[in-house]
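Okay, input13.txt is below, compact mmCIF, C-alpha atoms:
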```txt
# COMPACT_ATOMS: atom_id res chain seq x y z
CA ALA A 1 0.00 0.00 0.00
CA LYS A 2 1.13 3.53 -0.75
CA ASP A 3 2.34 5.48 2.30
CA THR A 4 0.20 8.62 2.27
CA GLY A 5 1.75 9.86 5.51
CA PHE A 6 0.04 12.15 8.00
CA THR A 7 -0.65 15.79 8.82
CA VAL A 8 -0.37 17.35 12.28
CA LEU A 9 -2.43 20.26 13.60
CA CYS A 10 -1.26 22.35 16.56
CA TYR A 11 -3.70 24.24 18.81
CA HIS A 12 -3.11 26.35 21.92
CA ARG A 13 -6.07 28.12 23.53
CA PHE A 14 -9.79 28.47 22.99
CA VAL A 15 -12.38 31.21 23.55
CA ALA A 16 -16.18 31.20 23.53
CA LYS A 17 -16.55 33.94 20.92
CA PRO A 18 -14.31 35.00 18.02
CA GLU A 19 -11.96 37.77 19.11
CA THR A 20 -11.70 40.73 16.79
CA VAL A 21 -9.57 42.81 19.17
CA LYS A 22 -5.94 42.14 18.42
CA LYS A 23 -4.69 41.29 21.90
CA PRO A 24 -1.00 40.35 21.80
CA LEU A 25 -1.71 36.63 22.16
CA SER A 26 -5.08 36.45 20.42
CA VAL A 27 -3.47 34.66 17.46
CA TYR A 28 -3.24 31.63 19.76
CA ARG A 29 -6.91 31.83 20.83
CA LEU A 30 -9.30 30.08 18.50
CA SER A 31 -13.06 30.47 18.84
CA ILE A 32 -14.85 27.28 19.71
CA GLU A 33 -17.26 27.78 16.81
CA GLU A 34 -14.30 27.79 14.40
CA PHE A 35 -12.85 24.71 16.08
CA LYS A 36 -16.17 22.86 15.68
CA TRP A 37 -16.24 23.80 12.00
CA GLN A 38 -12.73 22.39 11.57
CA LEU A 39 -13.52 19.05 13.25
CA GLN A 40 -16.72 18.76 11.20
CA TYR A 41 -14.66 19.44 8.06
CA LEU A 42 -12.30 16.58 8.98
CA LYS A 43 -15.29 14.29 9.44
CA ASP A 44 -16.97 15.34 6.18
CA GLN A 45 -13.76 14.89 4.18
CA GLY A 46 -12.93 11.49 5.68
CA ILE A 47 -9.77 12.92 7.30
CA LYS A 48 -9.11 10.54 10.20
CA PRO A 49 -7.69 11.74 13.53
CA ILE A 50 -5.19 9.13 14.80
CA SER A 51 -3.84 8.32 18.24
CA MET A 52 -0.19 8.51 19.26
CA ASP A 53 -0.21 4.68 19.51
CA GLN A 54 -1.28 4.44 15.86
CA LEU A 55 1.47 6.87 14.90
CA LYS A 56 4.12 4.85 16.79
CA ALA A 57 2.88 1.59 15.21
CA TYR A 58 3.16 3.22 11.79
CA TRP A 59 6.58 4.73 12.44
CA PHE A 60 8.28 1.82 14.20
CA GLU A 61 6.38 -1.25 13.00
CA GLY A 62 5.39 -0.17 9.49
CA LYS A 63 1.65 -0.52 10.18
CA PRO A 64 -0.39 1.49 7.67
CA LEU A 65 -2.26 4.61 8.73
CA PRO A 66 -5.74 5.48 7.46
CA ASP A 67 -5.65 7.18 4.08
CA LYS A 68 -6.01 10.78 5.26
CA ALA A 69 -4.47 10.68 8.73
CA VAL A 70 -4.25 13.69 11.02
CA LEU A 71 -2.84 14.09 14.54
CA LEU A 72 -4.57 16.67 16.77
CA THR A 73 -2.08 18.24 19.17
CA PHE A 74 -2.68 20.80 21.94
CA ASP A 75 0.31 22.71 23.32
CA ASP A 76 1.18 24.14 26.76
CA GLY A 77 -1.78 22.92 28.82
CA PHE A 78 -4.14 25.90 29.14
CA ARG A 79 -7.41 25.32 30.99
CA SER A 80 -9.48 26.35 27.99
CA ILE A 81 -8.39 23.09 26.30
CA TYR A 82 -10.39 21.19 28.93
CA GLU A 83 -13.21 23.68 29.34
CA LYS A 84 -13.89 24.47 25.70
CA ALA A 85 -12.12 22.15 23.25
CA TYR A 86 -12.24 18.82 25.07
CA PRO A 87 -16.08 18.48 25.08
CA VAL A 88 -16.07 19.03 21.30
CA VAL A 89 -13.26 16.53 20.67
CA LYS A 90 -15.08 14.01 22.88
CA GLU A 91 -18.33 14.55 20.99
CA PHE A 92 -16.57 13.63 17.75
CA GLY A 93 -14.89 10.68 19.49
CA TYR A 94 -11.43 11.79 18.37
CA PRO A 95 -8.09 11.08 20.08
CA GLY A 96 -5.65 13.90 20.81
CA VAL A 97 -2.24 14.72 22.25
CA LEU A 98 -1.47 17.12 25.12
CA PHE A 99 2.05 18.56 24.89
CA LEU A 100 2.52 19.85 28.44
CA TYR A 101 5.22 22.16 29.69
CA THR A 102 5.64 21.07 33.24
CA ASP A 103 6.41 24.33 35.08
CA PHE A 104 3.06 25.65 33.86
CA ILE A 105 1.16 22.52 34.93
CA ARG A 106 2.87 22.59 38.34
CA GLY A 107 1.85 26.22 38.78
CA GLN A 108 -1.87 25.35 38.57
CA SER A 109 -2.87 28.93 37.69
CA ASP A 110 -4.34 29.24 34.20
CA SER A 111 -3.32 25.67 33.48
CA LEU A 112 -5.17 22.37 33.35
CA ARG A 113 -5.85 20.85 36.77
CA TYR A 114 -4.34 17.43 37.46
CA SER A 115 -7.83 15.88 37.67
CA GLU A 116 -8.74 17.37 34.26
CA ILE A 117 -5.60 15.94 32.70
CA GLU A 118 -6.42 12.53 34.18
CA GLU A 119 -9.94 12.68 32.80
CA MET A 120 -8.66 13.60 29.33
CA GLN A 121 -6.08 10.82 29.60
CA LYS A 122 -8.87 8.29 30.21
CA ASN A 123 -10.70 9.59 27.15
CA GLY A 124 -8.14 9.19 24.40
CA PHE A 125 -5.61 11.94 25.10
CA ASP A 126 -1.90 11.17 25.22
CA LEU A 127 0.40 13.12 27.58
CA GLU A 128 3.69 14.15 26.05
CA SER A 129 6.50 16.65 26.67
CA HIS A 130 6.69 20.32 25.71
CA THR A 131 9.85 20.94 27.82
CA LYS A 132 10.05 22.14 31.44
CA SER A 133 9.74 25.90 31.16
CA HIS A 134 8.99 26.71 27.51
CA LEU A 135 12.17 28.70 26.90
CA GLN A 136 13.23 30.05 23.54
CA LEU A 137 16.27 27.77 23.43
CA GLY A 138 17.80 29.57 20.43
CA LYS A 139 18.10 32.75 22.50
CA GLU A 140 19.33 30.81 25.55
CA ALA A 141 22.14 29.28 23.46
CA GLU A 142 23.43 32.76 22.59
CA LYS A 143 23.35 33.96 26.21
CA ARG A 144 25.21 31.04 27.79
CA THR A 145 28.45 29.10 27.62
CA ALA A 146 28.28 25.84 25.67
CA ALA A 147 28.52 23.74 28.87
CA ASN A 148 25.87 25.80 30.64
CA PHE A 149 23.51 25.56 27.68
CA LYS A 150 24.00 21.81 27.46
CA SER A 151 23.06 21.32 31.12
CA LEU A 152 20.03 23.63 30.75
CA VAL A 153 18.75 21.59 27.78
CA LYS A 154 19.18 18.38 29.76
CA VAL A 155 16.94 19.69 32.55
CA GLU A 156 14.41 21.14 30.07
CA LEU A 157 14.01 17.79 28.31
CA ASN A 158 14.32 15.39 31.26
CA ASP A 159 12.06 17.15 33.77
CA PRO A 160 8.78 16.48 31.86
CA ILE A 161 9.66 12.78 31.65
CA THR A 162 10.08 12.39 35.42
CA PHE A 163 7.20 14.74 36.34
CA ILE A 164 4.60 13.20 33.99
CA GLN A 165 5.73 9.69 34.93
CA LYS A 166 5.35 10.43 38.64
CA LYS A 167 2.07 12.32 38.40
CA PHE A 168 0.22 10.49 35.62
CA GLU A 169 2.01 7.14 35.42
CA VAL A 170 2.95 7.39 31.75
CA SER A 171 6.39 8.04 30.38
CA PRO A 172 6.51 10.65 27.59
CA LYS A 173 8.42 9.47 24.52
CA ILE A 174 7.37 12.32 22.24
CA LEU A 175 8.59 15.92 22.37
CA ALA A 176 7.30 19.19 20.95
CA TYR A 177 10.10 21.79 20.93
CA SER A 178 9.11 25.02 22.69
CA TYR A 179 8.64 27.69 19.99
CA GLY A 180 9.54 24.91 17.55
CA VAL A 181 13.21 25.81 18.12
CA PHE A 182 15.98 23.22 18.10
CA ASN A 183 19.67 22.93 17.26
CA GLU A 184 22.27 20.14 17.37
CA VAL A 185 22.56 20.28 21.17
CA VAL A 186 18.77 19.97 21.57
CA LEU A 187 18.58 17.15 19.00
CA ASN A 188 21.37 15.19 20.70
CA GLN A 189 19.77 15.63 24.12
CA ALA A 190 16.38 14.53 22.75
CA LYS A 191 18.01 11.27 21.59
CA GLU A 192 19.87 10.86 24.88
CA SER A 193 16.70 11.48 26.94
CA GLY A 194 14.97 8.70 25.02
CA TYR A 195 12.53 10.67 22.88
CA LEU A 196 11.47 8.65 19.85
CA LEU A 197 9.77 11.40 17.84
CA ALA A 198 9.87 15.20 18.08
CA PHE A 199 7.78 17.94 16.52
CA THR A 200 8.66 21.38 15.19
CA VAL A 201 6.18 24.05 14.10
CA ASN A 202 7.50 24.03 10.54
CA PRO A 203 4.40 23.47 8.41
CA GLY A 204 3.93 20.61 5.99
CA ALA A 205 3.05 16.95 5.78
CA ASN A 206 5.03 13.97 7.12
CA ASP A 207 5.89 10.45 6.10
CA ARG A 208 8.69 8.18 7.22
CA THR A 209 11.24 9.92 5.01
CA VAL A 210 11.05 12.98 7.31
CA SER A 211 13.59 12.97 10.15
CA PRO A 212 11.86 11.53 13.27
CA LEU A 213 13.14 14.39 15.44
CA LYS A 214 12.14 17.12 12.94
CA LEU A 215 8.50 16.27 12.24
CA ARG A 216 6.29 19.01 10.84
CA ARG A 217 3.25 20.58 12.47
CA ASN A 218 0.81 23.15 11.18
CA LEU A 219 -0.02 25.91 13.67
CA VAL A 220 -3.74 26.69 13.63
CA LEU A 221 -3.85 30.40 14.43
CA ASN A 222 -6.62 32.98 14.76
CA PRO A 223 -7.97 34.14 12.37
CA ILE A 224 -7.75 31.30 9.84
CA SER A 225 -9.94 31.26 6.75
CA HIS A 226 -11.71 28.05 5.79
CA GLU A 227 -9.72 28.11 2.55
CA SER A 228 -6.40 28.20 4.42
CA PHE A 229 -7.52 25.37 6.68
CA LYS A 230 -8.47 23.21 3.69
CA LYS A 231 -5.10 23.93 2.02
CA ILE A 232 -3.21 22.38 4.96
CA PHE A 233 -4.40 18.96 3.76
CA GLU A 234 -3.30 19.50 0.17
CA THR A 235 0.39 19.71 1.08
CA LYS A 236 2.52 16.70 0.16
CA VAL A 237 5.92 15.64 1.44
CA LEU A 238 8.81 16.66 -0.79
CA HIS A 239 11.50 14.00 -0.93
CA LEU A 240 14.82 15.81 -0.87
CA GLU A 241 18.45 14.81 -1.07
CA SER A 242 21.60 16.79 -0.18
CA PHE A 243 19.43 19.76 0.74
CA TRP A 244 20.98 22.89 2.22
CA PRO A 245 20.16 24.60 4.53
CA GLY A 246 18.47 21.80 6.46
CA ASP A 247 15.85 22.22 9.19
CA GLY A 248 17.40 23.80 12.27
CA GLU A 249 20.63 24.84 10.56
CA LEU A 250 21.93 28.29 11.31
CA VAL A 251 22.26 30.47 8.20
CA ARG A 252 24.77 33.30 8.59
CA ASP A 253 24.31 34.69 5.08
CA ASN A 254 21.50 37.16 4.28
CA GLU A 255 21.09 35.69 0.80
CA PRO A 256 22.00 32.02 1.09
CA ALA A 257 22.15 29.83 -1.99
CA ILE A 258 19.52 27.15 -1.43
CA ARG A 259 20.43 23.89 -3.06
CA GLY A 260 19.37 20.28 -3.17
CA ILE A 261 17.88 17.49 -5.23
CA ILE A 262 14.10 17.01 -5.40
CA LYS A 263 13.33 13.35 -6.01
CA ASP A 264 9.63 13.79 -6.80
CA ASP A 265 8.21 14.49 -10.22
CA VAL A 266 6.88 17.99 -9.54
CA LYS A 267 6.55 21.31 -11.32
CA PRO A 268 9.19 23.62 -9.81
CA LYS A 269 6.63 26.44 -9.56
CA SER A 270 4.38 24.33 -7.34
CA ILE A 271 7.03 24.22 -4.60
CA ARG A 272 7.03 26.61 -1.64
CA LEU A 273 10.05 27.01 0.61
```

Will you turn the file into structure tokens for me?
Amino acid sequence: AKDTGFTVLCYHRFVAKPETVKKPLSVYRLSIEEFKWQLQYLKDQGIKPISMDQLKAYWFEGKPLPDKAVLLTFDDGFRSIYEKAYPVVKEFGYPGVLFLYTDFIRGQSDSLRYSEIEEMQKNGFDLESHTKSHLQLGKEAEKRTAANFKSLVKVELNDPITFIQKKFEVSPKILAYSYGVFNEVVLNQAKESGYLLAFTVNPGANDRTVSPLKLRRNLVLNPISHESFKKIFETKVLHLESFWPGDGELVRDNEPAIRGIIKDDVKPKSIRL
């Protein structure tokens, strides 16, 4: 069977009514009406939300995914995920993934309560890691010595594993980089900490030719037109060889020469970088 891969959607917070006022973070707050429309669209189009277990079975055991597979992921752990989005997801009977950053969850302010996380866990939600304190690690790397940065990254990636294991009795094996930022140090630590797959916020589709620690996710931001939402599912994986610059590589030149071999039979003009 042909490997059609999978798409990943990334959500953050939810509000009862669409926000027109441009508050600084309102791009991350999606109205629940819009969210319902999106889940209904998935259903109508036969786009199948998959669980993390299905994704692991596909990735590591070669088990096929449904034809139009999508992974629904929710970052940070804001309360509105439980209060507003969760009832809708449950109504559709879809699985989801909570990428929790553990300092926020520990703080118990605007975050999900432990009991709410447990309830979601029982109803098809996976608990995975979104680092300890959601730092912009690219900026941290520039502020610190190499040794200091390395030890910071170790704590940032290991803390969620021990905390989630202790509190919710599951051991996270999947990571979502905070701000989608990673570099060689972060990648090496992710491997060392035992993460099997890791997600960026670089948009696009995935199949098993994509690096397991550089998987793509599509941020769903407010406002998003229905047209833009539909387009997410039209993107295909480009199969590249000897491509430069690669994901997560630092480019020092203002006008870098981008080079590489595209192995698919595509019209050059149909490609977006």

### Query
For Leu215 of chain A, which residue out of A:Gly180, A:Gly124, A:Gly194, A:Gly93 is the nearest one, using all atoms listed in the file?
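The answer is A:Gly180, which sits nearest to Leu215 of chain A.
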
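Atom CA of Lys231 of chain A to atom CA of Pro87 of chain A spans 26.1 Å [interatomic distance, one decimal].
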
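All residues of protein, DNA or RNA that reach within 9 Å of Ile271 of chain A, judged by only C-alpha atoms and not counting those fewer than 4 positions away in the chain, are Leu238, Val266 and Lys267 of chain A.
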
### Query
Quick one: of A:Gln40, A:Ser109, A:Ser178, A:Gln165, who's nearest to Leu137 of chain A, counting all atoms listed in the file?
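Going through A:Gln40, A:Ser109, A:Ser178, A:Gln165 one by one, the smallest distance to Leu137 of chain A is for A:Ser178.
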
Which residues, written as a PDB file with C-alpha atoms, in the coordinates of the input, have at least one atom at most 6 Å from Arg79 of chain A, with all atoms listed in the file counted and residues fewer than 2 positions away on the same chain left out?
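The resulting file, result04.pdb, is shown below:
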```
ATOM      1  CA  ILE A  81      -8.390  23.090  26.300  1.00  0.00           C
ATOM      2  CA  TYR A  82     -10.390  21.190  28.930  1.00  0.00           C
ATOM      3  CA  ASP A 110      -4.340  29.240  34.200  1.00  0.00           C
ATOM      4  CA  SER A 111      -3.320  25.670  33.480  1.00  0.00           C
ATOM      5  CA  LEU A 112      -5.170  22.370  33.350  1.00  0.00           C
TER       6      LEU A 112
END
```

### Query
So which one's closest to Ala190 of chain A, A:Glu156, A:Asp207, A:Glu234, A:Asp75? Using all atoms listed in the file, please.
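Checking each candidate against Ala190 of chain A, we get A:Glu156 as the closest.
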
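Distances from A:Leu9, A:Leu152, A:Leu135, A:Met120 to Phe168 of chain A were compared using all atoms listed in the file, and the smallest one belongs to A:Met120.
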
### Query
With distances taken over only C-alpha atoms, which of A:Phe99, A:Phe233, A:Tyr179, A:Phe199 is nearest to Ile164 of chain A?
A:Phe99

### Query
Between A:Lys173, A:Lys167, A:Arg13, A:His226, which one has atoms that come closest to Ser115 of chain A, using only C-alpha atoms?
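The closest residue to Ser115 of chain A is A:Lys167.
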
### Task
Using only C-alpha atoms, determine which residues lie at most 12 Å from Phe125 of chain A, disregarding the query and same-chain residues fewer than 3 positions distant; provide the list as an MDAnalysis selection string.
chainID A and resid 49:53 71:74 81:82 86 89:90 93:100 116:122 128 170

### Message
Report, in Å to a single decimal, how far apart atom CA of Val15 of chain A and atom CA of Val70 of chain A are.
### Response
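Computed distance, atom CA of Val70 of chain A to atom CA of Val15 of chain A, equals 23.0 Å.
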
### Message
So that I can check the surroundings of Ser129 of chain A, please list as a VMD selection string every protein, DNA and RNA residue that reaches within 7 Å of it, counting all atoms listed in the file and ignoring chain neighbours fewer than 3 positions away.
### Response
chain A and resid 99 to 101 160 172 174 to 176

### Query
For the atom pair atom CA of Val220 of chain A and atom CA of Pro64 of chain A, what is the interatomic distance in Å to one decimal place?
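Spanning atom CA of Val220 of chain A to atom CA of Pro64 of chain A is a straight-line distance of 26.1 Å.
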
Grab all the atoms of segment 218-236 of chain A that the file lists, wrap them in a box along x, y and z, add 4 Å per side, and give me centre plus edge lengths in Å (one decimal) as lines of an AutoDock Vina configuration file.
```
center_x = -4.6
center_y = 25.4
center_z = 7.5
size_x = 22.2
size_y = 25.4
size_z = 22.6
```

#### Entry: Selection: 12 Å around Gln189 of chain A, all atoms listed in the file, excl. self and same-chain fewer than 5 positions, as a PyMOL selection string
chain A and resi 131+149-158+175+177+182-184+194-196+198+213

### Message
Please return as number ranges by chain every residue within 6 Å of (2.9, 21.4, 17.7), taking into account all atoms listed in the file and the file's own coordinates.
### Response
A: 10, 176, 201, 217
